[in-house]
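Participant: Take this structure, written in structure tokens, and hold onto it; I'll ask about it next.
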Amino acid sequence: MAENAAAAEAAPKPAVRYKTEDDVRKLLAGDNFKKFCKKKCGECHAPAFKKFLKVSPLVVRAQVGSFWCASCGRLLCDAHRNQHTCEVEDAELERRRRMNVDDIRADIKRREDEKAEADAKAAAVKRAADEKKFAIVSAWKQRRKHVAGVSTSIANMCQRWAVQADPGRAQDELLELYTSCNRINLRLWNEVQEPTIQLDIDHEAWDKLCRNYDRAKELTGLVIVVEGTPLDMHLPWLPRPPPEAEGGAPDLDA
């Protein structure tokens with residue numbers, strides 16, 4: 001009895017099976033990576049992954065297929081990755097060995113149908129992702145065109161107000177505001193043609209433009225009129241603030 005118990009304790013524990021590649025990738029994240037490097041081969045039970053201790057987890061994540069068998073789910077050393085007793089693959093080989101011609105044809109057709117279905121699903125997912133990305137890019141481009149168009153109106157009007165103003169400090173400040181607005185105008189139109197930011201618009205430039213326009217209105221007592229109404233500085237894709245909150249630069253965090 002004692003000998004049997006000792007033999008049972010000495011026997012290697014059954015290898016852990018990982019059903020999906022995502023399950024394996026979880027082993028490579030954060031503090032789990034060091035534990036992964038200490039794991040043993042699911043075939044020979046020898047330490048298998050110490051070689052990865054000095055390798056970046058990101059690099060190892062790209063090599064999952066070199067040490068994980070998708071069929072049986074075991075983690076394997078280099079010697080047994082392609083030469084191990086995979087019961088799943090063995091059962092599949094045995095099943096094929098027992099198949100007759102009609103079974104083989106049916107099996108081929110089944111595999112082809114499964115592949116076609118999987119390809120169709122993958123294509124649908126990719127198409128949906130592409131359509132979503134295109135919709136976002138298109139919406140962002142329209143937003144950039146909107147703020148660029150507004151900046152053109154403000155830059156042009158600041159130039160006109162500066163020219164028409166009487167010489168003095170007010171005119172000098174209006175000229176500075178025009179220079180700033182013109183620079184912003186170029187910046188915003190460049191973002192329409194060749195975006196450099198991962199946002200819908202350059203909010204920092206837009207906020208500065210709004211402050212410039214507010215100051216120009218204070219200096220001149222005038223506003224820009226578009227089709228009979230004062231220029232609306234509210235960004236149409238954002239909720240409009242309550243009346244008491246209007247005025248000045250829009251709240252870009254709304």
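Each chain in the structure tokens gets a letter, A, B, ..., in the order shown, and its residues are numbered from 1; ligands are numbered from 1 in order too.
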Tell me, as a CSV table (one decimal) with N, CA, C and O atoms, in the first residue's frame, which residues lie within 7 Å of A:Val192, counting only C-alpha atoms; anything in the same chain fewer than 4 positions away does not count.

Facilitator:
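Everything below was put into part_9.csv:
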chain,number,residue,atom,x,y,z
A,141,LYS,N,-14.3,63.7,-40.7
A,141,LYS,CA,-13.9,64.6,-41.8
A,141,LYS,C,-14.9,65.7,-41.9
A,141,LYS,O,-14.5,66.9,-42.1
A,144,ARG,N,-14.3,68.2,-39.2
A,144,ARG,CA,-13.1,69.0,-39.4
A,144,ARG,C,-13.4,70.1,-40.5
A,144,ARG,O,-12.9,71.2,-40.4
A,145,LYS,N,-14.2,69.7,-41.5
A,145,LYS,CA,-14.6,70.7,-42.5
A,145,LYS,C,-15.4,71.8,-41.9
A,145,LYS,O,-15.3,73.0,-42.2
A,188,LEU,N,-6.4,73.9,-39.2
A,188,LEU,CA,-7.6,73.2,-39.2
A,188,LEU,C,-7.9,72.6,-40.7
A,188,LEU,O,-8.4,71.5,-40.8

Participant: So which residues touch A:Ala79 within 10 Å, counting only C-alpha atoms, skipping near sequence neighbours fewer than 6 positions away, as a PyMOL selection string?

Facilitator: chain A and resi 41+43-44+48+67

Participant: Using only C-alpha atoms, find each residue in stretch 180-248 of chain A having at least one atom no more than 12 Å away from stretch 168-176 of chain A; report its shortest atom-to-atom pair and that distance in Å (one decimal), rows by chain then rising number, as a tab-separated table.

Facilitator:
residue	atom	partner	partner_atom	distance
A:Ser180	CA	A:Glu176	CA	6.2
A:Cys181	CA	A:Glu176	CA	8.6
A:Asn182	CA	A:Glu176	CA	9.8
A:Arg183	CA	A:Glu176	CA	10.7
A:Asn212	CA	A:Leu174	CA	9.3
A:Tyr213	CA	A:Leu174	CA	10.1
A:Asp214	CA	A:Leu174	CA	11.6
A:Arg215	CA	A:Leu174	CA	8.8
A:Ala216	CA	A:Leu174	CA	6.6
A:Lys217	CA	A:Leu174	CA	10.0
A:Glu218	CA	A:Ala170	CA	10.2
A:Leu219	CA	A:Ala170	CA	6.6
A:Thr220	CA	A:Ala170	CA	8.5
A:Gly221	CA	A:Ala170	CA	11.8

Participant: Kindly save the residues from that selection, with N, CA and C atoms included, as a PDB file, in the first residue's frame.

Facilitator:
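File produced: part31.pdb:
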ATOM      1  N   SER A 180      -3.251  85.087 -35.338  1.00  0.00           N
ATOM      2  CA  SER A 180      -3.523  83.841 -34.624  1.00  0.00           C
ATOM      3  C   SER A 180      -4.623  83.045 -35.317  1.00  0.00           C
ATOM      4  N   CYS A 181      -5.708  83.721 -35.699  1.00  0.00           N
ATOM      5  CA  CYS A 181      -6.829  83.044 -36.358  1.00  0.00           C
ATOM      6  C   CYS A 181      -6.424  82.473 -37.708  1.00  0.00           C
ATOM      7  N   ASN A 182      -5.588  83.208 -38.426  1.00  0.00           N
ATOM      8  CA  ASN A 182      -5.132  82.725 -39.727  1.00  0.00           C
ATOM      9  C   ASN A 182      -4.280  81.473 -39.575  1.00  0.00           C
ATOM     10  N   ARG A 183      -3.439  81.465 -38.555  1.00  0.00           N
ATOM     11  CA  ARG A 183      -2.604  80.292 -38.283  1.00  0.00           C
ATOM     12  C   ARG A 183      -3.490  79.080 -37.930  1.00  0.00           C
ATOM     13  N   ASN A 212     -10.329  83.789 -29.353  1.00  0.00           N
ATOM     14  CA  ASN A 212      -9.951  84.910 -30.226  1.00  0.00           C
ATOM     15  C   ASN A 212     -11.187  85.657 -30.730  1.00  0.00           C
ATOM     16  N   TYR A 213     -12.196  84.902 -31.123  1.00  0.00           N
ATOM     17  CA  TYR A 213     -13.417  85.529 -31.648  1.00  0.00           C
ATOM     18  C   TYR A 213     -14.126  86.322 -30.544  1.00  0.00           C
ATOM     19  N   ASP A 214     -14.183  85.756 -29.351  1.00  0.00           N
ATOM     20  CA  ASP A 214     -14.812  86.474 -28.243  1.00  0.00           C
ATOM     21  C   ASP A 214     -14.094  87.807 -27.979  1.00  0.00           C
ATOM     22  N   ARG A 215     -12.763  87.773 -28.025  1.00  0.00           N
ATOM     23  CA  ARG A 215     -12.000  88.997 -27.778  1.00  0.00           C
ATOM     24  C   ARG A 215     -12.206  90.007 -28.907  1.00  0.00           C
ATOM     25  N   ALA A 216     -12.267  89.528 -30.147  1.00  0.00           N
ATOM     26  CA  ALA A 216     -12.493  90.434 -31.274  1.00  0.00           C
ATOM     27  C   ALA A 216     -13.859  91.098 -31.167  1.00  0.00           C
ATOM     28  N   LYS A 217     -14.851  90.373 -30.699  1.00  0.00           N
ATOM     29  CA  LYS A 217     -16.183  90.958 -30.512  1.00  0.00           C
ATOM     30  C   LYS A 217     -16.152  92.023 -29.424  1.00  0.00           C
ATOM     31  N   GLU A 218     -15.390  91.767 -28.370  1.00  0.00           N
ATOM     32  CA  GLU A 218     -15.278  92.752 -27.297  1.00  0.00           C
ATOM     33  C   GLU A 218     -14.631  94.038 -27.802  1.00  0.00           C
ATOM     34  N   LEU A 219     -13.606  93.905 -28.655  1.00  0.00           N
ATOM     35  CA  LEU A 219     -12.874  95.079 -29.142  1.00  0.00           C
ATOM     36  C   LEU A 219     -13.689  95.897 -30.134  1.00  0.00           C
ATOM     37  N   THR A 220     -14.516  95.240 -30.922  1.00  0.00           N
ATOM     38  CA  THR A 220     -15.223  95.937 -32.007  1.00  0.00           C
ATOM     39  C   THR A 220     -16.693  96.180 -31.708  1.00  0.00           C
ATOM     40  N   GLY A 221     -17.268  95.384 -30.820  1.00  0.00           N
ATOM     41  CA  GLY A 221     -18.706  95.475 -30.589  1.00  0.00           C
ATOM     42  C   GLY A 221     -19.496  94.897 -31.743  1.00  0.00           C
TER      43      GLY A 221
END

Participant: Just the residues within 8 Å of A:Glu191, please, counting only C-alpha atoms, with nothing from its chain fewer than 5 positions along; format it as a VMD selection string.

Facilitator: chain A and resid 144 196 to 197 201 to 202

Participant: Between A:Glu21, A:Asp103, A:Glu204, A:Asp166, which residue has the minimum interatomic distance to A:Cys72, considering only C-alpha atoms?

Facilitator: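 Counting only C-alpha atoms, the residue closest to A:Cys72 is A:Glu21.
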
Participant: Could you tell me how far atom CA of A:Gln193 sits from atom CA of A:Asp207, in Å to one decimal place?

Facilitator: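 Atom-to-atom, atom CA of A:Asp207 and atom CA of A:Gln193 are spaced 20.5 Å apart.
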
Participant: To one decimal in Å, tell me the separation between atom CA of A:Val150 and atom CA of A:Pro195.

Facilitator: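 Pair atom CA of A:Val150 / atom CA of A:Pro195 returns 17.9 Å.
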
Participant: So that I can see what lies close to A:Ser56, please list as a PyMOL selection string the residues with an atom at most 12 Å from it, counting only C-alpha atoms and leaving out residues fewer than 4 positions away in the same chain.

Facilitator: chain A and resi 28-30+33-34+37+51-52+60-63

Participant: Can you work out the spacing between atom CA of A:Val16 and atom CA of A:Leu53 in Å, to one decimal?

Facilitator: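 Computed distance, atom CA of A:Val16 to atom CA of A:Leu53, equals 20.6 Å.
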
Participant: For A:Gln198, which residue among A:Gly42, A:Asp130, A:Glu94, A:Trp140 is the nearest when counting only C-alpha atoms?

Facilitator: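 Ranking A:Gly42, A:Asp130, A:Glu94, A:Trp140 by distance to A:Gln198, first place goes to A:Trp140.
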
Participant: Between A:Thr179, A:Leu75, A:Cys69, A:Glu117, which one has atoms that come closest to A:Gln159, using only C-alpha atoms?

Facilitator: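 Under the stated criterion, the closest residue is A:Thr179.
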
Participant: For A:Lys26, which residue among A:Glu227, A:Ala135, A:Glu92, A:Pro57 is the nearest when counting only C-alpha atoms?

Facilitator: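 The answer is A:Pro57, which sits nearest to A:Lys26.
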